[in-house]
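*Asks:* What follows is query_5.cif, made up of mmCIF, C-alpha atoms:
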```cif
data_upload
#
loop_
_atom_site.label_atom_id
_atom_site.label_comp_id
_atom_site.auth_asym_id
_atom_site.auth_seq_id
_atom_site.Cartn_x
_atom_site.Cartn_y
_atom_site.Cartn_z
CA MET A 1 -31.78 37.28 -22.05
CA PHE A 2 -32.59 41.03 -22.09
CA ASP A 3 -28.94 42.08 -21.78
CA LYS A 4 -28.85 45.79 -20.84
CA LEU A 5 -31.35 46.94 -23.44
CA GLY A 6 -35.03 47.75 -23.55
CA LEU A 7 -36.61 45.22 -25.90
CA LYS A 8 -40.01 44.99 -27.55
CA HIS A 9 -41.81 41.68 -26.98
CA VAL A 10 -40.94 40.46 -30.50
CA GLU A 11 -37.27 41.22 -29.80
CA VAL A 12 -37.52 39.24 -26.56
CA LEU A 13 -38.82 36.33 -28.65
CA ASN A 14 -35.81 36.66 -30.96
CA LYS A 15 -33.48 36.48 -27.96
CA ILE A 16 -35.23 33.34 -26.75
CA ASP A 17 -34.88 31.79 -30.19
CA GLU A 18 -31.19 32.69 -30.35
CA LYS A 19 -30.55 30.87 -27.08
CA ASN A 20 -32.93 27.99 -27.89
CA TYR A 21 -34.58 28.38 -24.49
CA ILE A 22 -37.99 27.17 -25.67
CA ASN A 23 -39.19 24.71 -28.31
CA TRP A 24 -42.04 26.49 -30.18
CA GLU A 25 -42.88 23.47 -32.34
CA ASN A 26 -46.51 23.31 -31.14
CA ALA A 27 -47.02 27.04 -30.59
CA LYS A 28 -49.19 28.84 -33.16
CA THR A 29 -48.33 32.44 -32.15
CA PRO A 30 -45.18 32.50 -29.96
CA SER A 31 -44.89 36.31 -30.19
CA ASP A 32 -48.38 36.69 -28.68
CA THR A 33 -47.45 34.20 -25.97
CA ILE A 34 -44.35 36.20 -25.04
CA GLY A 35 -46.28 39.50 -25.14
CA ALA A 36 -48.99 38.09 -22.91
CA GLN A 37 -46.47 36.63 -20.44
CA LEU A 38 -44.52 39.89 -20.18
CA GLY A 39 -47.77 41.76 -19.53
CA HIS A 40 -48.63 39.16 -16.88
CA PHE A 41 -45.28 39.80 -15.14
CA ILE A 42 -46.06 43.53 -14.98
CA ARG A 43 -49.63 43.04 -13.70
CA GLN A 44 -48.39 40.64 -11.04
CA ASN A 45 -45.83 43.23 -9.90
CA ASP A 46 -42.90 40.93 -10.67
CA THR A 47 -39.97 43.15 -9.66
CA ARG A 48 -37.48 41.44 -11.96
CA VAL A 49 -39.00 42.86 -15.15
CA LYS A 50 -40.08 46.43 -15.90
CA ARG A 51 -41.35 48.21 -18.98
CA VAL A 52 -41.37 51.69 -20.41
CA LYS A 53 -43.46 53.13 -23.24
CA GLY A 54 -41.47 54.21 -26.27
CA LYS A 55 -42.72 55.73 -29.48
CA LYS A 56 -43.06 52.28 -31.07
CA GLY A 57 -44.65 50.50 -28.14
CA PHE A 58 -43.70 49.00 -24.79
CA GLU A 59 -40.07 48.03 -24.23
CA TYR A 60 -39.12 45.61 -21.45
CA TYR A 61 -35.91 45.44 -19.41
CA LEU A 62 -34.46 43.78 -16.34
CA SER A 63 -34.79 46.04 -13.31
CA LYS A 64 -31.21 45.32 -12.22
CA TYR A 65 -29.98 47.23 -15.30
CA GLU A 66 -32.31 50.22 -14.84
CA SER A 67 -29.54 52.61 -13.76
CA GLU A 68 -27.52 51.76 -16.88
CA LEU A 69 -30.33 52.40 -19.38
CA ASN A 70 -31.05 55.71 -21.08
CA LEU A 71 -34.78 55.61 -20.34
CA SER A 72 -35.34 59.23 -21.35
CA LYS A 73 -34.34 58.37 -24.91
CA ILE A 74 -36.67 55.37 -24.99
CA THR A 75 -39.62 57.48 -23.82
CA GLU A 76 -39.40 60.13 -26.54
CA LYS A 77 -42.77 61.66 -27.28
CA GLU A 78 -44.81 60.14 -30.08
CA THR A 79 -45.44 61.78 -33.45
CA GLU A 80 -47.67 64.79 -34.04
CA SER A 81 -50.36 62.59 -35.60
CA LYS A 82 -50.65 60.66 -32.34
CA LYS A 83 -50.72 63.89 -30.34
CA ALA A 84 -53.82 64.90 -32.25
CA ALA A 85 -55.66 61.74 -31.19
CA LYS A 86 -56.75 63.21 -27.86
CA TYR A 87 -58.75 65.88 -29.70
CA LYS A 88 -60.80 63.25 -31.51
CA THR A 89 -63.62 61.33 -29.96
CA PHE A 90 -64.33 57.64 -29.63
CA GLN A 91 -67.54 55.66 -29.61
CA GLU A 92 -69.11 53.95 -26.61
CA ARG A 93 -68.95 50.63 -28.45
CA ASP A 94 -65.17 51.05 -28.70
CA LEU A 95 -65.07 50.38 -24.95
CA HIS A 96 -66.58 46.92 -25.27
CA LYS A 97 -63.32 45.19 -26.18
CA LEU A 98 -61.62 46.87 -23.22
CA LEU A 99 -64.33 45.60 -20.88
CA SER A 100 -64.33 42.09 -22.37
CA SER A 101 -60.54 41.96 -21.80
CA TYR A 102 -60.93 43.01 -18.17
CA LEU A 103 -63.69 40.44 -17.67
CA LYS A 104 -61.69 37.65 -19.35
CA ASN A 105 -58.88 38.39 -16.91
CA GLN A 106 -61.48 37.88 -14.15
CA ASN A 107 -62.54 34.51 -15.64
CA THR A 108 -65.82 35.93 -16.94
CA TYR A 109 -67.10 35.21 -20.46
CA SER A 110 -68.90 38.18 -22.04
CA LYS A 111 -70.94 39.08 -25.10
CA THR A 112 -72.12 42.40 -26.54
CA ILE A 113 -75.90 42.55 -26.96
CA TYR A 114 -76.68 44.65 -30.02
CA HIS A 115 -79.95 46.48 -29.38
CA GLU A 116 -80.42 47.15 -33.08
CA LYS A 117 -80.70 43.41 -33.76
CA SER A 118 -83.73 43.05 -31.48
CA ALA A 119 -87.36 42.89 -32.45
CA ASN A 120 -88.91 46.38 -32.27
CA SER A 121 -85.39 47.81 -32.09
CA LYS A 122 -86.65 51.29 -33.04
CA ASP A 123 -88.67 51.48 -29.84
CA SER A 124 -86.84 54.01 -27.61
CA HIS A 125 -87.93 52.09 -24.52
CA GLN A 126 -85.78 49.14 -25.58
CA LYS A 127 -82.69 50.78 -24.08
CA TRP A 128 -84.25 50.25 -20.64
CA ILE A 129 -84.54 46.49 -21.27
CA HIS A 130 -81.27 45.39 -22.86
CA PRO A 131 -77.90 45.19 -21.14
CA ASP A 132 -74.99 46.51 -23.19
CA MET A 133 -73.10 43.34 -22.37
CA ILE A 134 -73.93 40.06 -20.65
CA GLY A 135 -71.41 37.99 -18.71
CA ILE A 136 -71.23 34.61 -17.05
CA ASN A 137 -68.82 33.34 -14.44
CA PHE A 138 -68.70 29.57 -14.15
CA LEU A 139 -68.00 28.80 -10.52
CA ASN A 140 -68.02 25.01 -10.65
CA LEU A 141 -68.22 23.25 -14.00
CA GLN A 142 -68.10 19.88 -12.28
CA ASN A 143 -71.77 20.27 -11.27
CA LYS A 144 -73.13 18.93 -14.54
CA SER A 145 -75.77 16.44 -13.43
CA SER A 146 -78.66 18.27 -15.15
CA ASN A 147 -79.54 18.75 -18.79
CA ALA A 148 -80.95 22.28 -18.88
CA LEU A 149 -80.12 25.71 -17.50
CA MET A 150 -83.43 25.81 -15.64
CA LYS A 151 -82.57 22.57 -13.89
CA VAL A 152 -79.13 23.64 -12.68
CA ILE A 153 -80.37 26.94 -11.31
CA ASN A 154 -80.68 25.60 -7.80
CA LYS A 155 -76.96 24.83 -7.80
CA SER A 156 -75.92 28.14 -6.28
CA ASP A 157 -72.25 27.31 -6.74
CA ALA A 158 -72.51 26.65 -10.49
CA PHE A 159 -72.53 30.10 -12.16
CA ASN A 160 -73.44 33.78 -11.98
CA LEU A 161 -75.09 35.79 -14.77
CA ILE A 162 -74.02 39.43 -14.89
CA SER A 163 -75.35 42.53 -16.67
CA TYR A 164 -73.17 45.47 -17.75
CA GLU A 165 -74.29 48.98 -18.74
CA LEU A 166 -71.45 50.95 -20.41
CA LYS A 167 -70.96 54.71 -20.58
CA LYS A 168 -68.16 56.88 -21.92
CA GLU A 169 -68.36 59.31 -19.01
CA ILE A 170 -70.37 60.26 -15.96
CA LYS A 171 -69.67 63.86 -15.07
CA SER A 172 -72.75 65.20 -13.26
CA ASP A 173 -75.27 64.10 -10.66
CA TYR A 174 -77.96 64.12 -13.36
CA GLU A 175 -75.89 61.83 -15.61
CA LEU A 176 -75.18 59.52 -12.68
CA LYS A 177 -78.87 59.17 -11.80
CA GLN A 178 -79.86 58.57 -15.43
CA CYS A 179 -77.12 55.99 -16.05
CA PHE A 180 -77.59 54.29 -12.69
CA PHE A 181 -81.31 53.70 -13.06
CA GLN A 182 -80.86 52.54 -16.63
CA ALA A 183 -78.45 49.95 -15.18
CA VAL A 184 -81.03 49.04 -12.51
CA SER A 185 -83.66 48.45 -15.21
CA ASN A 186 -81.36 46.59 -17.61
CA SER A 187 -80.01 44.24 -14.94
CA SER A 188 -83.26 43.24 -13.25
CA TRP A 189 -82.91 39.70 -14.63
CA ALA A 190 -79.29 39.09 -13.56
CA ASN A 191 -77.50 37.84 -10.46
CA TYR A 192 -75.31 40.95 -10.54
CA GLY A 193 -75.60 44.31 -12.30
CA TYR A 194 -72.81 46.76 -13.04
CA LEU A 195 -72.58 50.30 -14.36
CA VAL A 196 -69.27 50.69 -16.20
CA ALA A 197 -67.79 54.06 -17.20
CA PHE A 198 -64.49 55.18 -18.70
CA ASP A 199 -64.46 58.63 -17.11
CA ILE A 200 -66.13 59.15 -13.71
CA SER A 201 -66.08 62.40 -11.76
CA LYS A 202 -64.58 61.86 -8.30
CA ASN A 203 -67.11 64.36 -6.93
CA LEU A 204 -69.83 61.75 -7.41
CA MET A 205 -68.35 59.06 -5.15
CA ASP A 206 -70.55 59.73 -2.13
CA GLU A 207 -73.76 59.67 -4.17
CA MET A 208 -72.56 56.60 -6.05
CA GLU A 209 -71.99 54.83 -2.74
CA ARG A 210 -75.48 55.78 -1.53
CA LEU A 211 -77.09 54.46 -4.72
CA ASN A 212 -75.05 51.28 -4.51
CA ARG A 213 -76.22 50.63 -0.94
CA SER A 214 -79.84 51.30 -1.86
CA PHE A 215 -80.11 49.41 -5.17
CA GLY A 216 -77.18 47.00 -5.26
CA ILE A 217 -75.80 48.04 -8.65
CA GLY A 218 -72.00 47.90 -8.73
CA VAL A 219 -69.69 50.41 -10.43
CA ILE A 220 -66.58 49.62 -12.48
CA GLU A 221 -64.10 52.30 -13.54
CA LEU A 222 -62.75 51.16 -16.92
CA GLN A 223 -59.16 52.07 -17.84
CA ALA A 224 -57.47 52.35 -21.23
CA ASN A 225 -55.33 49.46 -20.01
CA PRO A 226 -58.29 47.23 -19.09
CA PHE A 227 -56.22 45.15 -16.67
CA GLU A 228 -55.90 48.26 -14.48
CA SER A 229 -59.68 48.70 -14.29
CA LYS A 230 -61.19 48.45 -10.85
CA ILE A 231 -64.48 47.85 -9.07
CA LEU A 232 -65.37 51.02 -7.17
CA PHE A 233 -68.47 49.47 -5.61
CA ALA A 234 -69.35 45.78 -5.69
CA SER A 235 -72.72 44.61 -6.95
CA LYS A 236 -75.08 42.76 -4.62
CA PHE A 237 -76.31 39.26 -5.44
CA LYS A 238 -79.95 38.62 -6.35
CA GLU A 239 -81.86 35.67 -7.74
CA LEU A 240 -82.38 35.36 -11.49
CA ASP A 241 -85.63 36.65 -13.00
CA PHE A 242 -86.53 33.97 -15.53
CA LYS A 243 -89.55 35.83 -16.86
CA THR A 244 -87.34 38.72 -17.99
CA ILE A 245 -84.67 36.31 -19.27
CA ASP A 246 -87.33 34.62 -21.41
CA LYS A 247 -88.45 38.01 -22.74
CA LEU A 248 -84.90 38.99 -23.68
CA CYS A 249 -84.38 35.62 -25.37
CA GLU A 250 -87.51 36.20 -27.44
CA ILE A 251 -86.51 39.63 -28.69
CA ASN A 252 -82.74 39.26 -29.09
CA LYS A 253 -81.10 36.26 -30.77
CA ASP A 254 -77.61 36.99 -29.42
CA PHE A 255 -78.94 37.03 -25.86
CA GLU A 256 -80.79 33.77 -26.50
CA LYS A 257 -77.70 32.16 -28.02
CA PHE A 258 -75.54 33.25 -25.08
CA ILE A 259 -77.98 31.59 -22.66
CA GLU A 260 -78.09 28.45 -24.80
CA LYS A 261 -74.31 28.17 -25.01
CA SER A 262 -74.02 28.84 -21.26
CA GLU A 263 -76.35 25.89 -20.73
CA MET A 264 -74.15 23.73 -22.97
CA MET A 265 -71.14 24.63 -20.84
CA LEU A 266 -72.97 23.68 -17.67
CA VAL A 267 -74.19 20.30 -18.90
CA ALA A 268 -71.28 19.20 -21.10
CA ASP A 269 -69.82 15.79 -20.41
CA ASP A 270 -66.25 15.82 -19.08
CA ARG A 271 -65.06 14.37 -22.40
CA TYR A 272 -66.36 17.38 -24.33
CA ILE A 273 -65.90 20.25 -21.89
CA ASP A 274 -62.69 21.57 -23.56
CA ALA A 275 -64.28 21.58 -27.02
CA THR A 276 -67.46 23.17 -25.63
CA ARG A 277 -65.42 25.84 -23.87
CA MET A 278 -63.52 26.61 -27.08
CA GLU A 279 -66.75 26.97 -29.06
CA PHE A 280 -68.25 29.21 -26.39
CA GLY A 281 -65.11 31.35 -26.33
CA LYS A 282 -65.34 31.90 -30.09
CA PHE A 283 -68.93 33.06 -29.74
CA CYS A 284 -68.09 35.54 -26.97
CA ASP A 285 -66.51 38.96 -27.50
CA GLU A 286 -62.88 39.17 -28.54
CA TYR A 287 -60.32 40.33 -25.99
CA PHE A 288 -56.74 41.60 -25.95
CA LYS A 289 -53.88 39.17 -25.40
CA THR A 290 -50.96 41.61 -25.26
CA ASP A 291 -50.34 45.15 -24.03
CA SER A 292 -49.12 46.14 -27.48
CA GLU A 293 -52.53 45.22 -28.93
CA ILE A 294 -54.20 47.43 -26.32
CA GLN A 295 -51.93 50.36 -27.08
CA LYS A 296 -52.53 50.16 -30.84
CA TYR A 297 -56.29 49.78 -30.36
CA CYS A 298 -56.48 52.89 -28.16
CA ILE A 299 -54.46 54.94 -30.65
CA ASP A 300 -56.52 53.73 -33.63
CA ASN A 301 -59.81 54.48 -31.83
CA ASN A 302 -58.75 57.76 -30.20
CA ILE A 303 -59.22 56.40 -26.68
CA PRO A 304 -57.25 58.59 -24.25
CA THR A 305 -54.41 56.99 -22.30
CA GLU A 306 -52.13 58.44 -19.65
CA GLU A 307 -49.40 58.78 -22.25
CA ASN A 308 -51.28 60.70 -24.96
CA GLU A 309 -53.10 62.88 -22.41
CA THR A 310 -49.80 64.32 -21.17
CA MET A 311 -48.48 65.20 -24.63
CA GLY A 312 -48.63 68.66 -26.11
#
```
Just give me the structure as structure tokens.
*Replies:*
Amino acid sequence: MFDKLGLKHVEVLNKIDEKNYINWENAKTPSDTIGAQLGHFIRQNDTRVKRVKGKKGFEYYLSKYESELNLSKITEKETESKKAAKYKTFQERDLHKLLSSYLKNQNTYSKTIYHEKSANSKDSHQKWIHPDMIGINFLNLQNKSSNALMKVINKSDAFNLISYELKKEIKSDYELKQCFFQAVSNSSWANYGYLVAFDISKNLMDEMERLNRSFGIGVIELQANPFESKILFASKFKELDFKTIDKLCEINKDFEKFIEKSEMMLVADDRYIDATRMEFGKFCDEYFKTDSEIQKYCIDNNIPTEENETMG
């Protein structure tokens, strides 16, 4: 299918169509399907397929032809305009789609909680109440015998609610302490709390481990390719604080709606679970489906990647 060439995912689709390997009659976006599947092969370390980053995106090839390909030509450096991207900055909110993509890959639904939409949003103390993002992991959707979130709470195998505090970077001990205790405060209501950062100084690992042991907040190192992100320290489970959940529902409509839709997922009849899941997915944050989407997003938003950091 690949012959002895490096092919972009759309070109792989064209090859499939030429050979009539797959009937796409019911597929809405076959190119996205192929892009997602190729990315899945790479993340699962499938040795049959490899990829290399060219100036127009990822190109895929069969590993058995690697010695016959001119990979150095494929990996020519990108244009000067893209080189300049590393000198520009990006916003903390730009990281949310990266995190939502990582979480979706971990079977966790997530939603950004916009502080500015809350009642009394100008109060500076609000940042110590809200999570940046909220997530839920449904562990067993078959446990649907109740008709309210409060009633299913005793089903410990039904779901976990998770709080995420995002930061662009954590470079000093002072920044670590400040960010960590903000995460402690913002996640007091949740089963699990995580501090997520794009750039973390390796010199802080020992202190991060000590804080994790003492307070139970986990740490996630977010990567430009979100599927390569990793949990540095796992969060510790705790019971939900319904009083704080109620408070957050009162002051922030998105938080309240997320809880309401989570409840609908938990109590939906088997006949309607697929439709309920689809509706919930539309409400949650968007996520990347292909590696090419990730690459373009990082370039457009000046988010550093391994490739553009080494240019110059």
*Asks:* Quick one: residues within 12 Å of Phe237 of chain A, all atoms listed in the file counted, chain neighbours fewer than 5 positions away excluded, as a PyMOL selection string?
*Replies:* chain A and resi 156+159-163+187-194+215-218
*Asks:* Please evaluate the PyMOL selection byres ((chain A and resi 129-134) around 6) against the displayed coordinates and give the resulting residues as a list in words.
*Replies:*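 Applying the expression gives Ser110, Lys111, Thr112, Ile113, Gln126, Lys127, Trp128, Gly135, Ile162, Ser163, Tyr164, Glu165 and Asn186 of chain A.
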*Asks:* Can those selected residues be exported to a file as an mmCIF file, keeping the file's coordinate frame so that it contains C-alpha atoms?
*Replies:*
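Now in again.cif:
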```cif
data_model
loop_
_atom_site.group_PDB
_atom_site.id
_atom_site.type_symbol
_atom_site.label_atom_id
_atom_site.label_comp_id
_atom_site.auth_asym_id
_atom_site.auth_seq_id
_atom_site.Cartn_x
_atom_site.Cartn_y
_atom_site.Cartn_z
ATOM 1 C CA SER A 110 -68.900 38.180 -22.040
ATOM 2 C CA LYS A 111 -70.940 39.080 -25.100
ATOM 3 C CA THR A 112 -72.120 42.400 -26.540
ATOM 4 C CA ILE A 113 -75.900 42.550 -26.960
ATOM 5 C CA GLN A 126 -85.780 49.140 -25.580
ATOM 6 C CA LYS A 127 -82.690 50.780 -24.080
ATOM 7 C CA TRP A 128 -84.250 50.250 -20.640
ATOM 8 C CA GLY A 135 -71.410 37.990 -18.710
ATOM 9 C CA ILE A 162 -74.020 39.430 -14.890
ATOM 10 C CA SER A 163 -75.350 42.530 -16.670
ATOM 11 C CA TYR A 164 -73.170 45.470 -17.750
ATOM 12 C CA GLU A 165 -74.290 48.980 -18.740
ATOM 13 C CA ASN A 186 -81.360 46.590 -17.610
#
```
*Asks:* Could you please determine the separation between atom CA of Leu240 of chain A and atom CA of Asp274 of chain A in Å, to one decimal place?
*Replies:* 26.9 Å
*Asks:* Exactly which residues make up the result of the PyMOL selection byres ((chain A and resi 246) around 12) on this file, given as a list in words?
*Replies:*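 Selected by the PyMOL selection byres ((chain A and resi 246) around 12) in this file: Met150, Trp189, Leu240, Asp241, Phe242, Lys243, Thr244, Ile245, Lys247, Leu248, Cys249, Glu250, Ile251, Asn252, Lys253, Phe255, Glu256, Lys257, Ile259 and Glu260 of chain A.
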*Asks:* Using Å and a single decimal, report how far atom CA of Glu116 of chain A sits from atom CA of Asp254 of chain A.
*Replies:*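 Atom-to-atom, atom CA of Asp254 of chain A and atom CA of Glu116 of chain A are spaced 11.2 Å apart.
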*Asks:* Using only C-alpha atoms, which of the listed residues (A:Ala197, A:Ser235, A:Leu98, A:Asn225) sits closest to Asp285 of chain A?
*Replies:* A:Leu98
*Asks:* In Å, rounded to a single decimal, give me how far atom CA of Thr305 of chain A is from atom CA of Ala224 of chain A.
*Replies:*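 Atom CA of Thr305 of chain A lies 5.7 Å from atom CA of Ala224 of chain A.
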*Asks:* Kindly indicate which residue among A:Thr290, A:Ser172, A:Gln223, A:Ser185 lies nearest to Met208 of chain A, using all atoms listed in the file for the distances.
*Replies:*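 Closest residue, counting all atoms listed in the file: A:Ser172.
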*Asks:* Written as a ChimeraX atom specification, what is the full residue list that the PyMOL selection byres ((chain A and resi 179) around 9) yields on the file shown?
*Replies:* /A:165-167,170,174-178,180-184,195
